[in-house]
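Student: Questions regarding the structure given below will be posed in turn.
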Amino acid sequence: PPQKDLGPVLAALRAAFPETTFHHAGLEAYVEALRASGPSTKTFAGELLGGKLHHILSGVWSARMPLKQLNDTAQTLLADYLEPVATYCRFVHGRPYPRGAIDYAWRLLLKNHPHDSICGCSTDEVHREMIPRFEGVVQTAEQLLRDALEWLAPSFATTPEGDGETVICVANPLPEWRTEVVERLLVFRPADIDVEELALFDETGRAVPFEVVDRTYVQQLWGVDYRSELFYDLVVDRFRSYLERFGGGIVRGEHELDSPDLFATVRFVAKDLPPVGHAQYFLRKRSGDEREAAPSYVTTVGDTIENEFYRVRLHPDGTVRLHPDGTIDVLDRATGETLAGLNRLEDTEDVGDEYDYSPCEATETVTSEGSAGNVRILEPGGLAGRLEAEFTFALPASIATDRRSRTRERIDCRARTRVRLRHRNPVIELELLFENRALDHRLRAVFPTPVATETLVSDGHFCIHERPFRDPGGEDWVQPPPRTRPQQEFSLVQDGERGLALLAKGLPEIEATRDEAGRATLHLTLLRAVGWLSREDFATRRFSNAGPTLPTPDAQCVGSHRFEYAVVPFRGDHLTAGIKTLSRRYRVPPLSKQGVVDGHVPGRLGLVSTSTALTRVSALKAHDLRETIVVRLCNLTDRPVEETLAFGIPVRSVWRTDLLEDRGEACETAGKHRVAITLRPHEILTLEVEPA
């Protein structure tokens, strides 16, 4: 609001500083005067991440972690799936662009982005209201994606005489050609079809190797159309939950007359998926030797899973001291090197609040070592495979009443660690299902490495940060520097010859430590459970308050949690190893849908592709006001990068724009299908593209 006593303030200033002239002016006049004065300037590099003069409150990176995960899911659906797919359908196939619904979803998401909301440092009531907003964004995006894929591959024939032959539509929302293992749960009616008699073909008529992983005959399940579900893991989990809850009540034998539905999980390699495009695959009854069985590239035996890149052992128990329960050992086939004891769970007390983490005066860290468990094969080998270790992690129930130590009482928390490998994919996927029943603690996954380095590399906003392990002392700082650091998609350590990257979905906090030999260890925060909005009785904030002292029992995050992250050993530098590209592939797998041939839309070359892994496309969408395409990308390096955008449709004109997407200078196009641009170091560039 306007300052009511500004007149007296100006009078006092003029009296106190008679040699200075004070003007009552607006921001525009101030900026003009500043520019006219020719002030000296300085250049700052790096992050302003220190609390020398004021609180940083870094614990908000991990407060109420489920909200961070929901936010990551919502943003990924909108920016990485919905907008690119909708843009592709509009400008390649002429389908209307759902501007209103997309705008609604973004505005709904932004309602969860005020500081206290997304940081998780408000009252329980505020954060409870965030969940239906996140769900509204996710449901809106998923429904719009289903609508788009339904248009590309209808669920039903358009006429009674139409061809009901099964087609699998696979959509790639990333601006790069890619080859991926596609997994799909298919539903067949009637159930007397023999999937062993089926062959899979691409759009050129070539047979595609595929495998039938499992099949289940069930009575009809009302309420869920599994053919239009977008993500394999979610649809399989939903189907398995029905089987667990109903069991013999719905499962039927293969030849029973009252079993109208056959649920079959199939896998195949989708080669050369077009960038921001789709491809169709056809299931037909084979004739002769048309069917090609998929070779077994991934094998699962006992507690070991391996593909062409790695052999991974998932340890079931703590009988060997070096291998605590749930950890993995990774043999890198390219180097012959073994990385041992990855993914160890460690848990430490937290007497801080929603703003900051703090250990107890008598700190205590427990690990999953020694917890007996069992390993089982969740998915057999072939083109992909997955193992699961299930065990009980006994944690202190809470902190003691005096808040100086953890209580002696132990409480069992059920944990399930899953590891998955895929053919033609160098990413080791990990998943932790954790039932949190303890209070006042921080749970992390630990990854020791043989890499000797003093630098942590972390993905950030339009930038990849390099951070030294050693922080300034901070003895005279308002808030001592924390050991944890923020991240977006991944963090890694490297020494020029080798490295280890840790990819994550919605887990924005990481810490790197070094042992006596200089070898780095990564600590990924999975959960931070606290019971207060703010307190003033802990050391990491010098015993000062950051907000109101209100209880927040929901911030203890009691209940079931699912954490998704992945490991990638690599050679050389992270840029040449393409870690950012691997992260995008991991985070944005292709979409798929089951449809019929009648009315399907043939695949095309795709909308647009990039030519280098040194840039990243952060937005691909229709312009808000014009029938044009917006492409926003950034240079991930500190040197100029030559990038070429190749379009699958002819292009009439291209302009550079500002961040408001107002046009600036025009760009040259090469052959009406390519645009060559130079990005300055770390430049964020927005282009507006007008199709011909």
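Every chain in the structure tokens has a letter given in the order shown (A, B, ...), and although residue numbers restart at 1 in each chain, ligands are simply numbered from 1 in the order shown.
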Would you please extract all alpha helix (DSSP H) residues from range 488-584 of chain A, as assigned by DSSP on the backbone, and give them as a compact mmCIF listing (two decimals) with all heavy atoms, in the first residue's frame?
Tutor:
```txt
# COMPACT_ATOMS: atom_id res chain seq x y z
N ILE A 579 24.11 -37.43 -19.79
CA ILE A 579 23.32 -37.71 -18.59
C ILE A 579 21.99 -36.96 -18.63
O ILE A 579 20.95 -37.49 -18.21
CB ILE A 579 24.12 -37.33 -17.33
CG1 ILE A 579 25.35 -38.22 -17.20
CG2 ILE A 579 23.25 -37.46 -16.08
CD1 ILE A 579 25.05 -39.70 -17.13
N LYS A 580 21.98 -35.72 -19.12
CA LYS A 580 20.72 -34.99 -19.20
C LYS A 580 19.74 -35.70 -20.12
O LYS A 580 18.54 -35.80 -19.81
CB LYS A 580 20.98 -33.57 -19.72
CG LYS A 580 19.75 -32.68 -19.73
CD LYS A 580 19.28 -32.32 -18.34
CE LYS A 580 18.14 -31.31 -18.38
NZ LYS A 580 17.72 -30.90 -17.04
N THR A 581 20.22 -36.23 -21.24
CA THR A 581 19.34 -36.96 -22.15
C THR A 581 18.81 -38.23 -21.49
O THR A 581 17.62 -38.55 -21.62
CB THR A 581 20.11 -37.31 -23.43
OG1 THR A 581 20.52 -36.11 -24.07
CG2 THR A 581 19.23 -38.11 -24.39
N LEU A 582 19.67 -38.95 -20.78
CA LEU A 582 19.22 -40.16 -20.09
C LEU A 582 18.20 -39.82 -19.01
O LEU A 582 17.25 -40.57 -18.78
CB LEU A 582 20.42 -40.89 -19.48
CG LEU A 582 21.38 -41.54 -20.48
CD1 LEU A 582 22.58 -42.13 -19.74
CD2 LEU A 582 20.68 -42.62 -21.29
N SER A 583 18.41 -38.69 -18.34
CA SER A 583 17.44 -38.25 -17.34
C SER A 583 16.09 -37.99 -17.97
O SER A 583 15.04 -38.37 -17.42
CB SER A 583 17.95 -36.99 -16.64
OG SER A 583 16.97 -36.45 -15.78
N ARG A 584 16.06 -37.32 -19.13
CA ARG A 584 14.80 -37.05 -19.81
C ARG A 584 14.12 -38.36 -20.22
O ARG A 584 12.90 -38.51 -20.11
CB ARG A 584 15.02 -36.16 -21.03
CG ARG A 584 15.74 -34.86 -20.78
CD ARG A 584 15.07 -34.04 -19.70
NE ARG A 584 13.75 -33.60 -20.09
CZ ARG A 584 12.79 -33.23 -19.24
NH1 ARG A 584 13.01 -33.27 -17.96
NH2 ARG A 584 11.63 -32.83 -19.69
```
Student: Just asking: which residues within range 176-247 of chain A are strand (DSSP E) according to DSSP, as number ranges by chain?
Tutor: A: 178-188, 198-201, 210-218
Student: For Arg420 in chain A, which residue among A:Glu150, A:Glu511, A:Glu379, A:Glu665 is the nearest when counting only C-alpha atoms?
Tutor: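 When distances to Arg420 in chain A are compared using only C-alpha atoms, the smallest one comes from A:Glu379.
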Student: Which neighbours of range 350-360 of chain A fall inside 9 Å, counting only C-alpha atoms, when residues of the same chain fewer than 4 positions from it are skipped, and could you give them as a count of residues only?
Tutor: 42
Student: Write out as CSV the residues of range 237-355 of chain A that have any atom within 8 Å of an atom of range 383-392 of chain A, one row each with the nearest atom pair and its distance in Å to one decimal, counting only C-alpha atoms, sorted by chain and then rising number.
Tutor:
```
residue,atom,partner,partner_atom,distance
A:Arg267,CA,A:Leu383,CA,6.8
A:Phe268,CA,A:Leu383,CA,7.2
A:Val269,CA,A:Leu383,CA,7.8
A:Ala294,CA,A:Leu383,CA,7.1
A:Pro295,CA,A:Leu383,CA,7.4
A:Ser296,CA,A:Leu383,CA,6.2
A:Tyr297,CA,A:Leu383,CA,5.6
A:Val298,CA,A:Ala384,CA,5.5
A:Thr299,CA,A:Gly385,CA,6.9
A:Thr300,CA,A:Gly385,CA,6.4
A:Asp303,CA,A:Leu387,CA,7.2
A:Thr304,CA,A:Leu387,CA,7.9
A:Ile305,CA,A:Gly385,CA,7.1
A:Leu314,CA,A:Ala389,CA,7.1
A:His315,CA,A:Ala389,CA,7.4
A:Pro316,CA,A:Ala389,CA,5.8
A:Asp325,CA,A:Phe391,CA,7.5
A:Gly326,CA,A:Ala389,CA,6.1
```
Student: Let me make sure I understand: among A:Arg652, A:Arg663, A:Lys593, A:Arg311, which one has the smallest atom-to-atom distance to Ala171 in chain A if we use only C-alpha atoms?
Tutor: A:Lys593
Student: So the first atom is CA of Ile684 in chain A and the second is CA of Leu633 in chain A; what is the distance between them in Å, to one decimal place?
Tutor: 5.9 Å
Student: With a distance cut-off of 10 Å and only C-alpha atoms, select the neighbouring residues of Glu466 in chain A, excluding the residue or stretch itself and same-chain residues fewer than 4 positions from it, and output the selection as a PDB file with N, CA and C atoms, in the first residue's frame.
Tutor:
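Output file part34.pdb follows:
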```pdb
ATOM      1  N   GLY A  46      27.597 -18.121 -10.306  1.00  0.00           N
ATOM      2  CA  GLY A  46      27.216 -19.115  -9.313  1.00  0.00           C
ATOM      3  C   GLY A  46      25.918 -18.759  -8.615  1.00  0.00           C
ATOM      4  N   GLU A  47      25.698 -19.388  -7.464  1.00  0.00           N
ATOM      5  CA  GLU A  47      24.430 -19.257  -6.754  1.00  0.00           C
ATOM      6  C   GLU A  47      24.567 -18.337  -5.538  1.00  0.00           C
ATOM      7  N   GLU A 454      36.078 -33.150  -5.470  1.00  0.00           N
ATOM      8  CA  GLU A 454      35.658 -32.150  -4.489  1.00  0.00           C
ATOM      9  C   GLU A 454      34.465 -31.353  -4.983  1.00  0.00           C
ATOM     10  N   THR A 455      33.811 -31.830  -6.056  1.00  0.00           N
ATOM     11  CA  THR A 455      32.740 -31.061  -6.689  1.00  0.00           C
ATOM     12  C   THR A 455      31.495 -31.919  -6.873  1.00  0.00           C
ATOM     13  N   LEU A 456      30.346 -31.377  -6.513  1.00  0.00           N
ATOM     14  CA  LEU A 456      29.052 -31.986  -6.779  1.00  0.00           C
ATOM     15  C   LEU A 456      28.415 -31.256  -7.951  1.00  0.00           C
ATOM     16  N   VAL A 457      27.947 -32.001  -8.931  1.00  0.00           N
ATOM     17  CA  VAL A 457      27.276 -31.433 -10.100  1.00  0.00           C
ATOM     18  C   VAL A 457      25.786 -31.732  -9.967  1.00  0.00           C
ATOM     19  N   SER A 458      24.948 -30.676 -10.035  1.00  0.00           N
ATOM     20  CA  SER A 458      23.507 -30.851  -9.853  1.00  0.00           C
ATOM     21  C   SER A 458      22.731 -30.124 -10.936  1.00  0.00           C
ATOM     22  N   ASP A 459      21.686 -30.765 -11.424  1.00  0.00           N
ATOM     23  CA  ASP A 459      20.770 -30.141 -12.364  1.00  0.00           C
ATOM     24  C   ASP A 459      19.947 -29.082 -11.642  1.00  0.00           C
ATOM     25  N   SER A 491      21.791 -35.364  -9.721  1.00  0.00           N
ATOM     26  CA  SER A 491      23.089 -34.915  -9.242  1.00  0.00           C
ATOM     27  C   SER A 491      24.103 -36.000  -9.568  1.00  0.00           C
ATOM     28  N   LEU A 492      25.376 -35.622  -9.616  1.00  0.00           N
ATOM     29  CA  LEU A 492      26.399 -36.592  -9.992  1.00  0.00           C
ATOM     30  C   LEU A 492      27.752 -36.152  -9.462  1.00  0.00           C
ATOM     31  N   VAL A 493      28.672 -37.115  -9.430  1.00  0.00           N
ATOM     32  CA  VAL A 493      30.082 -36.848  -9.166  1.00  0.00           C
ATOM     33  C   VAL A 493      30.881 -37.458 -10.301  1.00  0.00           C
TER      34      VAL A 493
END
```
